[in-house]
Every structure is written in C-alpha cells, then in structure tokens.
>>> print(open('input.pdb').read())   # PDB, C-alpha atoms and all ligand atoms
ATOM      1  CA  MET J   1      -1.769  -9.283  28.786
ATOM      2  CA  ASP J   2      -1.350 -11.008  25.451
ATOM      3  CA  GLU J   3       2.177 -12.443  25.271
ATOM      4  CA  THR J   4       2.592 -12.005  21.513
ATOM      5  CA  LEU J   5       1.679  -8.319  21.795
ATOM      6  CA  ARG J   6       4.170  -7.926  24.654
ATOM      7  CA  GLU J   7       6.908  -9.643  22.611
ATOM      8  CA  ALA J   8       6.212  -7.409  19.586
ATOM      9  CA  ALA J   9       6.111  -4.282  21.774
ATOM     10  CA  ASP J  10       9.478  -5.166  23.345
ATOM     11  CA  LEU J  11      10.996  -5.575  19.887
ATOM     12  CA  VAL J  12       9.649  -2.181  18.818
ATOM     13  CA  ALA J  13      10.670  -0.434  22.054
ATOM     14  CA  THR J  14      14.288  -1.611  21.813
ATOM     15  CA  ALA J  15      14.735  -1.133  18.039
ATOM     16  CA  GLU J  16      16.810   1.726  16.677
ATOM     17  CA  ARG J  17      15.818   1.212  13.026
ATOM     18  CA  VAL J  18      12.151   0.555  12.375
ATOM     19  CA  VAL J  19      10.414  -0.011   9.037
ATOM     20  CA  ILE J  20       6.658  -0.205   8.543
ATOM     21  CA  PHE J  21       5.586  -1.909   5.317
ATOM     22  CA  THR J  22       1.907  -1.620   4.438
ATOM     23  CA  GLY J  23      -0.633  -3.037   2.008
ATOM     24  CA  ALA J  24      -4.303  -2.578   1.249
ATOM     25  CA  GLY J  25      -5.426  -4.031   4.609
ATOM     26  CA  ILE J  26      -4.324  -0.940   6.544
ATOM     27  CA  SER J  27      -6.808   1.168   4.556
ATOM     28  CA  ALA J  28      -9.646  -1.409   4.744
ATOM     29  CA  GLU J  29     -11.064   0.074   7.937
ATOM     30  CA  SER J  30     -11.109   3.503   6.274
ATOM     31  CA  GLY J  31     -13.494   2.051   3.676
ATOM     32  CA  VAL J  32     -11.036   1.386   0.830
ATOM     33  CA  PRO J  33     -11.635  -2.110  -0.608
ATOM     34  CA  THR J  34      -8.626  -4.472  -0.713
ATOM     35  CA  PHE J  35      -7.625  -6.351  -3.871
ATOM     36  CA  ARG J  36      -8.066 -10.011  -3.131
ATOM     37  CA  GLU J  37     -11.132 -10.044  -0.923
ATOM     38  CA  ALA J  38     -14.820  -9.785  -1.765
ATOM     39  CA  LEU J  39     -15.119  -6.853  -4.095
ATOM     40  CA  THR J  40     -17.888  -4.328  -3.830
ATOM     41  CA  GLY J  41     -19.532  -1.961  -6.261
ATOM     42  CA  LEU J  42     -17.620  -1.749  -9.502
ATOM     43  CA  TRP J  43     -15.087  -4.199  -8.123
ATOM     44  CA  GLU J  44     -17.780  -6.892  -8.079
ATOM     45  CA  ARG J  45     -18.068  -6.785 -11.855
ATOM     46  CA  PHE J  46     -14.407  -6.428 -12.784
ATOM     47  CA  ASP J  47     -11.338  -8.370 -11.806
ATOM     48  CA  ALA J  48      -8.921  -5.894 -10.203
ATOM     49  CA  ALA J  49      -5.929  -7.954 -11.328
ATOM     50  CA  LYS J  50      -7.079  -7.654 -14.959
ATOM     51  CA  LEU J  51      -7.796  -3.921 -14.798
ATOM     52  CA  ALA J  52      -4.409  -3.155 -13.240
ATOM     53  CA  THR J  53      -2.494  -3.926 -16.433
ATOM     54  CA  PRO J  54      -1.154  -1.935 -19.396
ATOM     55  CA  GLU J  55      -3.030  -4.339 -21.693
ATOM     56  CA  ALA J  56      -6.387  -3.421 -20.125
ATOM     57  CA  PHE J  57      -5.634   0.300 -20.569
ATOM     58  CA  ASP J  58      -4.601  -0.178 -24.223
ATOM     59  CA  GLU J  59      -7.725  -2.195 -24.925
ATOM     60  CA  ASP J  60     -10.243   0.045 -23.141
ATOM     61  CA  PRO J  61      -8.726   3.278 -21.769
ATOM     62  CA  ALA J  62     -12.120   4.738 -20.749
ATOM     63  CA  LEU J  63     -12.960   1.680 -18.623
ATOM     64  CA  VAL J  64      -9.621   1.707 -16.806
ATOM     65  CA  TRP J  65      -9.427   5.519 -16.422
ATOM     66  CA  GLY J  66     -13.027   5.589 -15.131
ATOM     67  CA  TRP J  67     -12.176   2.895 -12.569
ATOM     68  CA  TYR J  68      -9.154   4.843 -11.279
ATOM     69  CA  GLU J  69     -11.047   8.144 -11.262
ATOM     70  CA  TRP J  70     -13.758   6.479  -9.185
ATOM     71  CA  ARG J  71     -11.095   5.170  -6.787
ATOM     72  CA  ARG J  72      -9.497   8.652  -6.582
ATOM     73  CA  ALA J  73     -12.914  10.108  -5.727
ATOM     74  CA  LEU J  74     -13.410   7.414  -3.067
ATOM     75  CA  ALA J  75      -9.944   8.042  -1.592
ATOM     76  CA  LEU J  76     -10.835  11.730  -1.200
ATOM     77  CA  THR J  77     -13.983  10.930   0.795
ATOM     78  CA  VAL J  78     -12.368   8.568   3.335
ATOM     79  CA  ALA J  79     -10.118   9.409   6.281
ATOM     80  CA  PRO J  80      -7.063   7.816   7.892
ATOM     81  CA  ASN J  81      -7.994   5.285  10.592
ATOM     82  CA  PRO J  82      -6.319   4.661  13.983
ATOM     83  CA  GLY J  83      -3.946   2.179  12.258
ATOM     84  CA  HIS J  84      -2.504   4.886   9.978
ATOM     85  CA  ILE J  85      -2.169   7.256  12.934
ATOM     86  CA  ALA J  86      -0.472   4.664  15.164
ATOM     87  CA  ALA J  87       1.937   3.800  12.324
ATOM     88  CA  THR J  88       3.002   7.462  12.130
ATOM     89  CA  GLU J  89       3.528   7.550  15.898
ATOM     90  CA  ILE J  90       5.446   4.273  16.110
ATOM     91  CA  LEU J  91       7.838   5.655  13.492
ATOM     92  CA  ALA J  92       8.089   9.019  15.268
ATOM     93  CA  ASP J  93       9.266   7.161  18.396
ATOM     94  CA  ALA J  94      12.027   5.306  16.517
ATOM     95  CA  GLY J  95      15.593   6.598  16.097
ATOM     96  CA  HIS J  96      15.526   5.875  12.395
ATOM     97  CA  ALA J  97      12.255   5.237  10.596
ATOM     98  CA  THR J  98      11.012   4.330   7.117
ATOM     99  CA  LEU J  99       7.439   3.908   5.907
ATOM    100  CA  ILE J 100       7.070   1.806   2.763
ATOM    101  CA  THR J 101       3.624   1.346   1.249
ATOM    102  CA  GLN J 102       2.189  -0.541  -1.686
ATOM    103  CA  ASN J 103      -0.948   1.577  -1.436
ATOM    104  CA  VAL J 104      -1.879   4.200  -4.002
ATOM    105  CA  ASP J 105      -4.048   6.223  -1.591
ATOM    106  CA  ASP J 106      -2.598   9.105   0.448
ATOM    107  CA  LEU J 107      -3.915   8.046   3.856
ATOM    108  CA  HIS J 108      -0.447   7.693   5.416
ATOM    109  CA  GLU J 109       0.404  11.267   4.421
ATOM    110  CA  ARG J 110      -2.959  12.474   5.722
ATOM    111  CA  ALA J 111      -2.122  10.728   9.016
ATOM    112  CA  GLY J 112       1.014  12.881   9.248
ATOM    113  CA  ALA J 113       3.639  10.554   7.750
ATOM    114  CA  THR J 114       6.404  12.145   5.677
ATOM    115  CA  GLY J 115       8.840  10.698   3.151
ATOM    116  CA  VAL J 116       6.543   7.736   2.435
ATOM    117  CA  LEU J 117       7.973   5.352  -0.206
ATOM    118  CA  HIS J 118       5.103   4.475  -2.582
ATOM    119  CA  LEU J 119       6.246   1.307  -4.357
ATOM    120  CA  HIS J 120       3.140   1.050  -6.567
ATOM    121  CA  GLY J 121       2.649   4.744  -7.321
ATOM    122  CA  SER J 122      -0.271   7.020  -6.503
ATOM    123  CA  LEU J 123      -3.821   7.826  -7.593
ATOM    124  CA  PHE J 124      -2.825  11.495  -7.527
ATOM    125  CA  THR J 125       0.051  11.602 -10.050
ATOM    126  CA  PRO J 126      -1.414  10.957 -13.517
ATOM    127  CA  ARG J 127       0.922  11.164 -16.492
ATOM    128  CA  CYS J 128       0.953  10.791 -20.264
ATOM    129  CA  SER J 129       0.806   7.152 -21.400
ATOM    130  CA  ALA J 130       3.239   7.920 -24.243
ATOM    131  CA  CYS J 131       5.694  10.673 -23.190
ATOM    132  CA  ALA J 132       5.271  10.450 -19.364
ATOM    133  CA  ARG J 133       4.638  14.208 -18.991
ATOM    134  CA  PRO J 134       2.887  14.765 -15.634
ATOM    135  CA  ALA J 135      -0.759  15.795 -16.066
ATOM    136  CA  ALA J 136      -2.993  18.044 -13.984
ATOM    137  CA  LEU J 137      -5.788  16.426 -11.962
ATOM    138  CA  SER J 138      -9.309  17.404 -12.910
ATOM    139  CA  PRO J 139     -12.033  17.571 -10.226
ATOM    140  CA  ALA J 140     -12.837  14.006  -9.122
ATOM    141  CA  PRO J 141     -16.091  12.602 -10.557
ATOM    142  CA  ASP J 142     -19.298  12.456  -8.469
ATOM    143  CA  GLY J 143     -21.539   9.488  -7.938
ATOM    144  CA  GLU J 144     -21.513   6.068  -9.524
ATOM    145  CA  PRO J 145     -18.409   4.811 -11.262
ATOM    146  CA  GLY J 146     -18.425   4.475 -15.034
ATOM    147  CA  ARG J 147     -16.389   4.877 -18.175
ATOM    148  CA  ILE J 148     -14.520   8.174 -18.538
ATOM    149  CA  THR J 149     -12.426   8.979 -21.597
ATOM    150  CA  PRO J 150      -8.938   9.930 -20.362
ATOM    151  CA  PRO J 151      -7.919  13.499 -21.258
ATOM    152  CA  PRO J 152      -5.216  13.975 -23.921
ATOM    153  CA  CYS J 153      -1.626  14.919 -23.068
ATOM    154  CA  ASP J 154      -0.879  18.666 -23.514
ATOM    155  CA  ARG J 155       2.345  17.829 -25.274
ATOM    156  CA  CYS J 156       1.677  14.830 -27.518
ATOM    157  CA  GLY J 157      -2.073  14.177 -27.380
ATOM    158  CA  ALA J 158      -1.793  10.568 -26.122
ATOM    159  CA  PRO J 159      -4.224   9.492 -23.376
ATOM    160  CA  ILE J 160      -3.374  10.330 -19.769
ATOM    161  CA  ARG J 161      -2.942   7.263 -17.523
ATOM    162  CA  PRO J 162      -2.902   6.808 -13.746
ATOM    163  CA  GLY J 163       0.495   7.195 -12.051
ATOM    164  CA  VAL J 164       0.397   3.670 -10.644
ATOM    165  CA  VAL J 165       2.496   0.552 -11.261
ATOM    166  CA  TRP J 166       0.597  -2.104 -13.176
ATOM    167  CA  PHE J 167       1.441  -5.806 -13.460
ATOM    168  CA  GLY J 168       4.421  -6.290 -15.765
ATOM    169  CA  GLU J 169       5.730  -2.741 -15.149
ATOM    170  CA  ALA J 170       8.888  -1.855 -13.258
ATOM    171  CA  LEU J 171       8.625  -0.354  -9.767
ATOM    172  CA  PRO J 172      10.242   3.103  -9.339
ATOM    173  CA  THR J 173      13.962   2.295  -9.160
ATOM    174  CA  ASP J 174      14.919   4.873  -6.528
ATOM    175  CA  GLY J 175      11.994   4.011  -4.248
ATOM    176  CA  LEU J 176      12.634   0.281  -4.511
ATOM    177  CA  GLU J 177      16.354   0.663  -3.795
ATOM    178  CA  GLU J 178      15.674   2.866  -0.781
ATOM    179  CA  ALA J 179      13.071   0.389   0.469
ATOM    180  CA  VAL J 180      15.392  -2.613   0.116
ATOM    181  CA  GLU J 181      18.184  -0.763   1.895
ATOM    182  CA  ALA J 182      15.910   0.264   4.766
ATOM    183  CA  ALA J 183      14.586  -3.303   5.047
ATOM    184  CA  ALA J 184      18.109  -4.747   5.028
ATOM    185  CA  ASN J 185      19.198  -2.432   7.852
ATOM    186  CA  ALA J 186      16.025  -2.674   9.943
ATOM    187  CA  ASP J 187      16.119  -4.014  13.493
ATOM    188  CA  VAL J 188      12.356  -4.446  13.203
ATOM    189  CA  LEU J 189      10.038  -4.438  10.196
ATOM    190  CA  ILE J 190       6.279  -4.364  10.818
ATOM    191  CA  SER J 191       4.359  -5.770   7.849
ATOM    192  CA  VAL J 192       0.739  -4.607   7.943
ATOM    193  CA  GLY J 193      -2.266  -5.687   5.875
ATOM    194  CA  THR J 194      -0.610  -7.234   2.859
ATOM    195  CA  SER J 195      -1.257 -10.644   1.324
ATOM    196  CA  GLY J 196       2.445 -10.954   0.419
ATOM    197  CA  LEU J 197       1.633 -12.276  -3.031
ATOM    198  CA  VAL J 198       2.812  -9.471  -5.302
ATOM    199  CA  TYR J 199       6.507  -9.285  -6.158
ATOM    200  CA  PRO J 200       9.004  -7.677  -5.917
ATOM    201  CA  ALA J 201       7.316  -5.813  -3.013
ATOM    202  CA  ALA J 202       6.675  -9.094  -1.178
ATOM    203  CA  GLU J 203      10.463  -9.551  -0.936
ATOM    204  CA  ILE J 204      10.820  -6.527   1.381
ATOM    205  CA  PRO J 205      10.023  -8.270   4.703
ATOM    206  CA  GLN J 206      12.009 -11.304   3.555
ATOM    207  CA  VAL J 207      15.067  -9.059   3.171
ATOM    208  CA  THR J 208      14.790  -7.950   6.805
ATOM    209  CA  ALA J 209      14.467 -11.545   8.017
ATOM    210  CA  ARG J 210      17.432 -12.729   5.903
ATOM    211  CA  MET J 211      19.596  -9.940   7.338
ATOM    212  CA  GLY J 212      18.733 -10.952  10.911
ATOM    213  CA  GLY J 213      16.092  -8.305  11.694
ATOM    214  CA  ALA J 214      12.788  -9.193  13.334
ATOM    215  CA  VAL J 215       9.587  -9.192  11.294
ATOM    216  CA  ILE J 216       6.284  -8.491  13.038
ATOM    217  CA  GLN J 217       3.196  -9.199  10.958
ATOM    218  CA  VAL J 218      -0.230  -7.601  11.541
ATOM    219  CA  ASN J 219      -3.007  -9.308   9.582
ATOM    220  CA  PRO J 220      -6.329 -10.964  10.504
ATOM    221  CA  GLU J 221      -5.547 -13.795   8.056
ATOM    222  CA  PRO J 222      -2.570 -16.110   7.573
ATOM    223  CA  THR J 223      -0.197 -15.181   4.714
ATOM    224  CA  PRO J 224       2.939 -16.700   3.161
ATOM    225  CA  LEU J 225       4.905 -14.430   5.514
ATOM    226  CA  ASP J 226       3.704 -16.284   8.641
ATOM    227  CA  PRO J 227       6.692 -18.659   8.905
ATOM    228  CA  VAL J 228       9.167 -15.799   8.362
ATOM    229  CA  ALA J 229       7.631 -13.465  10.959
ATOM    230  CA  ARG J 230       9.068 -13.538  14.504
ATOM    231  CA  VAL J 231       5.631 -12.476  15.782
ATOM    232  CA  ASN J 232       2.239 -12.802  14.076
ATOM    233  CA  LEU J 233      -0.387 -10.429  15.483
ATOM    234  CA  ARG J 234      -3.750 -11.634  14.182
ATOM    235  CA  GLY J 235      -6.344  -8.916  13.924
ATOM    236  CA  PRO J 236      -7.346  -5.682  12.234
ATOM    237  CA  SER J 237      -4.611  -3.063  12.075
ATOM    238  CA  ALA J 238      -6.868  -0.248  13.349
ATOM    239  CA  GLU J 239      -6.933  -2.154  16.676
ATOM    240  CA  ILE J 240      -3.559  -3.891  16.734
ATOM    241  CA  LEU J 241      -1.297  -0.960  15.782
ATOM    242  CA  PRO J 242      -2.669   1.406  18.478
ATOM    243  CA  ALA J 243      -2.301  -1.439  21.030
ATOM    244  CA  LEU J 244       1.282  -2.049  19.871
ATOM    245  CA  LEU J 245       2.042   1.676  20.153
ATOM    246  CA  ARG J 246       0.622   1.903  23.689
ATOM    247  CA  GLN J 247       2.467  -1.221  24.795
ATOM    248  CA  SER J 248       5.805  -0.145  23.310
ATOM    249  CA  ARG J 249       5.882   3.174  25.170
ATOM    250  CA  PRO J 250       7.312   3.275  28.692
ATOM    251  CA  SER J 251       4.505   3.442  31.259
ATOM    252  CA  THR J 252       4.401   6.715  33.168
TER     253      THR J 252
HETATM  254  C1  LIG J 301      -6.192  -6.599   6.763
HETATM  255  C2  LIG J 301      -7.373  -5.990   7.165
HETATM  256  C3  LIG J 301      -7.334  -5.171   8.324
HETATM  257  C4  LIG J 301      -7.769  -7.169   5.392
HETATM  258  N1  LIG J 301      -6.173  -5.003   8.962
HETATM  259  N2  LIG J 301      -5.067  -6.413   7.414
HETATM  260  C5  LIG J 301       8.045 -13.359  -8.765
HETATM  261  C6  LIG J 301       7.230 -14.459  -8.647
HETATM  262  C7  LIG J 301       5.962 -14.492  -9.247
HETATM  263  C8  LIG J 301       5.505 -13.404  -9.994
HETATM  264  C9  LIG J 301       6.318 -12.324 -10.121
HETATM  265  C10 LIG J 301       7.567 -12.301  -9.526
HETATM  266  N3  LIG J 301       8.147 -11.093  -9.798
HETATM  267  C11 LIG J 301       7.279 -10.365 -10.546
HETATM  268  C12 LIG J 301       6.172 -11.090 -10.775
HETATM  269  C13 LIG J 301       4.982 -10.662 -11.569
HETATM  270  C14 LIG J 301       4.044  -9.758 -10.808
HETATM  271  C15 LIG J 301       3.540 -10.526  -9.587
HETATM  272  O1  LIG J 301       3.959 -10.344  -8.479
HETATM  273  N4  LIG J 301       2.572 -11.391  -9.808
HETATM  274  C16 LIG J 301       2.004 -12.193  -8.732
HETATM  275  C17 LIG J 301       0.571 -11.736  -8.458
HETATM  276  C18 LIG J 301       2.073 -13.637  -9.125
HETATM  277  N5  LIG J 301       4.702  -8.513 -10.423
HETATM  278  C19 LIG J 301       4.767  -7.483 -11.259
HETATM  279  O2  LIG J 301       4.314  -7.544 -12.398
HETATM  280  C20 LIG J 301       5.492  -6.232 -10.794
HETATM  281  N6  LIG J 301       6.397  -5.785 -11.782
HETATM  282  C21 LIG J 301       7.489  -6.444 -12.091
HETATM  283  O3  LIG J 301       7.842  -7.452 -11.517
HETATM  284  O4  LIG J 301       8.192  -5.895 -13.112
HETATM  285  C22 LIG J 301       9.354  -6.530 -13.626
HETATM  286  C23 LIG J 301       9.985  -5.576 -14.596
HETATM  287  C24 LIG J 301      11.292  -5.158 -14.390
HETATM  288  C25 LIG J 301      11.867  -4.261 -15.284
HETATM  289  C26 LIG J 301      11.139  -3.764 -16.362
HETATM  290  C27 LIG J 301       9.815  -4.159 -16.546
HETATM  291  C28 LIG J 301       9.246  -5.064 -15.652
HETATM  292  C29 LIG J 301       4.519  -5.076 -10.619
HETATM  293  C30 LIG J 301       3.503  -5.290  -9.564
HETATM  294  C31 LIG J 301       2.537  -4.114  -9.515
HETATM  295  C32 LIG J 301       1.348  -4.379  -8.593
HETATM  296  N7  LIG J 301       0.367  -3.377  -8.809
HETATM  297  C33 LIG J 301      -0.870  -3.408  -8.023
HETATM  298  C34 LIG J 301      -1.855  -2.376  -8.630
HETATM  299  C35 LIG J 301      -1.437  -0.947  -8.285
HETATM  300  C36 LIG J 301      -2.402   0.036  -8.854
HETATM  301  C37 LIG J 301      -3.782  -0.112  -8.257
HETATM  302  O5  LIG J 301      -3.976   0.099  -7.046
HETATM  303  O6  LIG J 301      -4.708  -0.438  -9.007
HETATM  304  O7  LIG J 301      -0.569  -3.096  -6.658
HETATM  305  S1  LIG J 301      -1.626  -5.010  -7.910
HETATM  306  C38 LIG J 301      -2.184  -4.840  -6.254
HETATM  307  O8  LIG J 301      -1.513  -5.812  -5.417
HETATM  308  C39 LIG J 301      -1.687  -3.458  -5.800
HETATM  309  C40 LIG J 301      -1.234  -3.751  -4.400
HETATM  310  O9  LIG J 301      -0.341  -2.762  -3.965
HETATM  311  C41 LIG J 301      -0.623  -5.127  -4.527
HETATM  312  C42 LIG J 301      -0.484  -5.867  -3.234
HETATM  313  O10 LIG J 301      -1.741  -6.123  -2.685
HETATM  314  P1  LIG J 301      -1.925  -6.013  -1.103
HETATM  315  O11 LIG J 301      -1.689  -4.618  -0.667
HETATM  316  O12 LIG J 301      -1.151  -7.077  -0.440
HETATM  317  O13 LIG J 301      -3.510  -6.261  -0.987
HETATM  318  P2  LIG J 301      -4.346  -7.621  -0.943
HETATM  319  O14 LIG J 301      -5.750  -7.273  -1.263
HETATM  320  O15 LIG J 301      -3.693  -8.687  -1.742
HETATM  321  O16 LIG J 301      -4.260  -8.110   0.568
HETATM  322  C43 LIG J 301      -4.885  -7.386   1.604
HETATM  323  C44 LIG J 301      -4.465  -8.002   2.922
HETATM  324  O17 LIG J 301      -4.994  -7.212   3.966
HETATM  325  C45 LIG J 301      -4.965  -9.432   3.136
HETATM  326  O18 LIG J 301      -3.882 -10.250   3.582
HETATM  327  C46 LIG J 301      -6.013  -9.280   4.253
HETATM  328  O19 LIG J 301      -6.093 -10.412   5.120
HETATM  329  C47 LIG J 301      -5.498  -8.063   4.972
HETATM  330  N8  LIG J 301      -6.518  -7.293   5.714
HETATM  331  N9  LIG J 301      -8.410  -6.337   6.376
HETATM  332  C48 LIG J 301      -5.094  -5.603   8.544
HETATM  333  N10 LIG J 301      -8.481  -4.537   8.834
HETATM  334 ZN    ZN J 302       2.502  12.959 -23.960
END
>>> encode(input="input.pdb", output="structure tokens")
Amino acid sequence: MDETLREAADLVATAERVVIFTGAGISAESGVPTFREALTGLWERFDAAKLATPEAFDEDPALVWGWYEWRRALALTVAPNPGHIAATEILADAGHATLITQNVDDLHERAGATGVLHLHGSLFTPRCSACARPAALSPAPDGEPGRITPPPCDRCGAPIRPGVVWFGEALPTDGLEEAVEAAANADVLISVGTSGLVYPAAEIPQVTARMGGAVIQVNPEPTPLDPVARVNLRGPSAEILPALLRQSRPST
C-alpha cells in the first residue's frame, strides 16, 4: 500500500476536528473547467481573471452576465463526482467537521454536504449591482454561451450581477471568520484541487499549519502549498478522496 496514503489516512482517522478546503479542481472531473488551466469553449476566448472583476461588469455587463449565466447552465447539467461524495463522508466520520469551498457551483451540497462555507459566493444568488437586493433566478439559458443583458433590479432598476466575489472585492466577513477559526482549530485540514494563488482564501491551509495542525494536500500538480503540507497526495481528487476515505475507516 502507498505509504503517503496510509500516513494521510492515519491523520484523518485520529483527528477530532477535520476541515476540507476545496477549489476548482474538485469539480474538474464533473466537467466544470478550472480557472488556470487550458480553457474550453467561451473560456478559450476570454481571460477568466479579467471577466471576474467589477471593472469588466461595469464595462460590458452583457458579456459578463452572459458568461455567468452560461456557467450556471453548465453547473445545472453536471453532477457531483466521487470526490465530492467522499468529502461529505470523510466529514461525516469526523467529530467536528467544516467544509470550506472557493467554488461557486453547488456540487458539494448536491453531494449531501450541509453548512458549506462559500468564500467566493455562488452562481445561484444573484443580486442588484447597486442596492444589493437579492434577485430571482430566471430559467438558465440553453445552448451556446453569448451576451445576455442582465435584468434590472425590481427596486432601483440597476443591472443584476452574479452573487460571486470578484477580484478586488471583500470576501463575506462571517464566512471568512468562521473559516479562519475552523482552520485554526483543525487537527487536520485537507486542501483539495486549489492552485493556492488567490488570497485571502489561500491563507486558510497556512493558518492550520501555523497553529500546529496537519495539512494534507490532494492535487495532481505541485502548488505553493507543497512545502507546508505534511502529506502531498498527487492525483485526481475523484480517485484520491475515495481511497483516503476507505483507508481511514477501520477495516471490518
Ligand atoms: C485538480 C484536478 C483534479 C485540476 N483533482 N485537483 C495577497 C497577495 C497577493 C494578492 C492579493 C493578496 N490579497 C489579496 C490579493 C488580491 C487578489 C489575489 O489574490 N490576487 C492574486 C491572483 C494575485 N484577491 C482578491 O482580490 C480578493 N479580495 C480581496 O483581497 O479583497 C480585499 C478587500 C478587503 C476589504 C474591502 C475590499 C477589498 C478576492 C478574490 C476573489 C476570487 N474570485 C474568483 C472568481 C469567483 C467567481 C467566479 O467563479 O467567476 O474565485 S477568482 C478564481 O480563483 C475563483 C476561484 O475560487 C479562485 C481560486 O481558484 P482555484 O479554485 O484554486 O482554481 P485554479 O484553477 O486556480 O486551480 C485549480 C487546481 O486544481 C490546480 O492546482 C489543478 O492542478 C487542480 N486540479 N484537476 C484535483 N481532477
Ligand atoms: Zn437595486
């Protein structure tokens, strides 16, 4: 048996407080493109980092709204993969568990997770770009992505925007505080499928390590978190997380 998997499984099996911290990589095997890898479809023509900004929305709201509506439609057609399901089960086995995600899809919830902390918001909570009034979702668009004029706010008429956190915007204060506290108190934090480049979220595993907890990283590629992680499990999360779950449970 692989020694690094055994070491990670022992850490998980003996931990009282477990945090799982996820990024785009956990949804990759469900068919949701990540941010910093080869982009497909619409993503090929536009730089995700430039579209995910308030400046892009101000300059061309129909382009940005159309891109997010296309992503919402895509998120509705895909399903949680074995990585999402194993994450839910690993947390269900722990005495005290927290799931923190940077993802704006709802695949953790659809895999049965509850109380998920969404640090970068959600594709499913649009709001007014001026007065922040929550807006109703219209039916998701069919077919090819394209420009869609955002609907006006019921209250003030300003364009509706996606309920996500763009570059330069503050993360939700309550969610971030809860996430930092859970990371600080974690015996084990499992970081899954994140490049660790976007702050302040990238600080979360570092907090666990600084406070003496063990960080396990699941990623097919090296990241800046490698030297901080007690164990680096190289591979796709839809394979590694189910293996970690199996290995961390007492054999019958
Ligand atoms: C697999 C896999 C498989 C592939 N299995 N793994 C400190 C230093 C430097 C800069 C900053 C700093 N503090 C703040 C900043 C600025 C900025 C920032 O971090 N910039 C850096 C890029 C340089 N941060 C911000 O602006 C943040 N706001 C802020 O700081 O506000 C301050 C403020 C305070 C008070 C008032 C006002 C302001 C906000 C950041 C928001 C990020 N938003 C996005 C878009 C969300 C909406 C959307 O989805 O469109 O969030 S950007 C994008 O990156 C998205 C993601 O959640 C986030 C992280 O990406 P993630 O998840 O790591 O994905 P990838 O694609 O990068 O990596 C995928 C990984 O998966 C790879 O490693 C693969 O190998 C792996 N993988 N297949 C497992 N099968
Ligand atoms: Zn409004």
>>> residues_near_ligand(input="input.pdb", ligand="ligand LIG 301 (chain J)", cutoff="6 Å", atoms="all atoms listed in the file", output="PyMOL selection string")
chain J and resi 23-26+28-29+34-36+52+102-104+120+164-170+192-200+219-221+236-237
>>> residues_near_ligand(input="input.pdb", ligand="ligand ZN 302 (chain J)", cutoff="7 Å", atoms="only C-alpha atoms and all ligand atoms", output="JSON, numbers by chain")
{"J": [128, 129, 130, 131, 132, 133, 153, 154, 155, 156, 157, 158]}
>>> closest_residue(input="input.pdb", among="J:Arg210, J:Ser191, J:Pro162, J:Pro205", to="Pro54 of chain J", atoms="all atoms listed in the file")
J:Pro162
>>> atom_distance(input="input.pdb", atom1="atom CA of Leu51 of chain J", atom2="atom CA of Gly175 of chain J")
23.8 Å
>>> closest_residue(input="input.pdb", among="J:Ile160, J:Ala92, J:Val215, J:Leu63", to="Pro126 of chain J", atoms="all atoms listed in the file")
J:Ile160
>>> atom_distance(input="input.pdb", atom1="atom CA of Thr208 of chain J", atom2="atom CA of Ala184 of chain J")
4.9 Å
>>> axis_aligned_box(input="input.pdb", around="segment 186-192 of chain J", padding_each_side="8 Å", output="lines of an AutoDock Vina configuration file")
center_x = 8.4
center_y = -4.2
center_z = 10.7
size_x = 31.4
size_y = 19.1
size_z = 21.6
>>> residues_around(input="input.pdb", residues="Arg161 of chain J", least_positions_apart="6", cutoff="12 Å", atoms="all atoms listed in the file", output="short mmCIF file (atom, residue, chain, number, x, y, z; two decimals) with C-alpha atoms, keeping the file's coordinate frame")
data_model
loop_
_atom_site.label_atom_id
_atom_site.label_comp_id
_atom_site.auth_asym_id
_atom_site.auth_seq_id
_atom_site.Cartn_x
_atom_site.Cartn_y
_atom_site.Cartn_z
CA ALA J 52 -4.41 -3.16 -13.24
CA THR J 53 -2.49 -3.93 -16.43
CA PRO J 54 -1.15 -1.94 -19.40
CA ALA J 56 -6.39 -3.42 -20.12
CA PHE J 57 -5.63 0.30 -20.57
CA ASP J 58 -4.60 -0.18 -24.22
CA ASP J 60 -10.24 0.04 -23.14
CA PRO J 61 -8.73 3.28 -21.77
CA ALA J 62 -12.12 4.74 -20.75
CA LEU J 63 -12.96 1.68 -18.62
CA VAL J 64 -9.62 1.71 -16.81
CA TRP J 65 -9.43 5.52 -16.42
CA GLY J 66 -13.03 5.59 -15.13
CA TRP J 67 -12.18 2.90 -12.57
CA TYR J 68 -9.15 4.84 -11.28
CA GLU J 69 -11.05 8.14 -11.26
CA GLY J 121 2.65 4.74 -7.32
CA SER J 122 -0.27 7.02 -6.50
CA LEU J 123 -3.82 7.83 -7.59
CA PHE J 124 -2.82 11.50 -7.53
CA THR J 125 0.05 11.60 -10.05
CA PRO J 126 -1.41 10.96 -13.52
CA ARG J 127 0.92 11.16 -16.49
CA CYS J 128 0.95 10.79 -20.26
CA SER J 129 0.81 7.15 -21.40
CA ALA J 130 3.24 7.92 -24.24
CA CYS J 131 5.69 10.67 -23.19
CA ALA J 132 5.27 10.45 -19.36
CA ARG J 133 4.64 14.21 -18.99
CA PRO J 134 2.89 14.76 -15.63
CA ALA J 135 -0.76 15.80 -16.07
CA ALA J 136 -2.99 18.04 -13.98
CA LEU J 137 -5.79 16.43 -11.96
CA ILE J 148 -14.52 8.17 -18.54
CA THR J 149 -12.43 8.98 -21.60
CA PRO J 150 -8.94 9.93 -20.36
CA PRO J 151 -7.92 13.50 -21.26
CA PRO J 152 -5.22 13.98 -23.92
CA CYS J 153 -1.63 14.92 -23.07
#
>>> closest_residue(input="input.pdb", among="J:Asp187, J:Val18, J:Ala87, J:Ile240", to="Ala113 of chain J", atoms="all atoms listed in the file")
J:Ala87
>>> closest_residue(input="input.pdb", among="J:Ala48, J:Leu117, J:Ala238, J:Ala214", to="Pro80 of chain J", atoms="only C-alpha atoms")
J:Ala238
>>> atom_distance(input="input.pdb", atom1="atom CA of Arg246 of chain J", atom2="atom CA of His118 of chain J")
26.8 Å
>>> residues_near_point(input="input.pdb", point="(3.2, -14.2, 12.1)", cutoff="12 Å", atoms="all atoms listed in the file", output="number ranges by chain")
J: 4-5, 8, 190-193, 205, 214-235
>>> closest_residue(input="input.pdb", among="J:Ala79, J:Arg72, J:Glu109, J:Glu203", to="Leu176 of chain J", atoms="only C-alpha atoms")
J:Glu203
>>> resolve_selection(input="input.pdb", expression="the PyMOL selection byres (((chain J and resi 177) around 12) and not hetatm)", output="JSON, numbers by chain")
{"J": [100, 117, 118, 119, 171, 172, 173, 174, 175, 176, 178, 179, 180, 181, 182, 183, 184, 200, 201, 204]}
>>> resolve_selection(input="input.pdb", expression="the PyMOL selection byres (((chain J and resi 73) around 9) and not hetatm)", output="PyMOL selection string")
chain J and resi 68-72+74-77+139-143
>>> resolve_selection(input="input.pdb", expression="the PyMOL selection byres (((chain J and resi 242) around 10) and not hetatm)", output="list in words")
Pro82, Gly83, His84, Ile85, Ala86, Ala87, Glu89, Ile90, Ser237, Ala238, Glu239, Ile240, Leu241, Ala243, Leu244, Leu245, Arg246, Gln247 and Ser248 of chain J
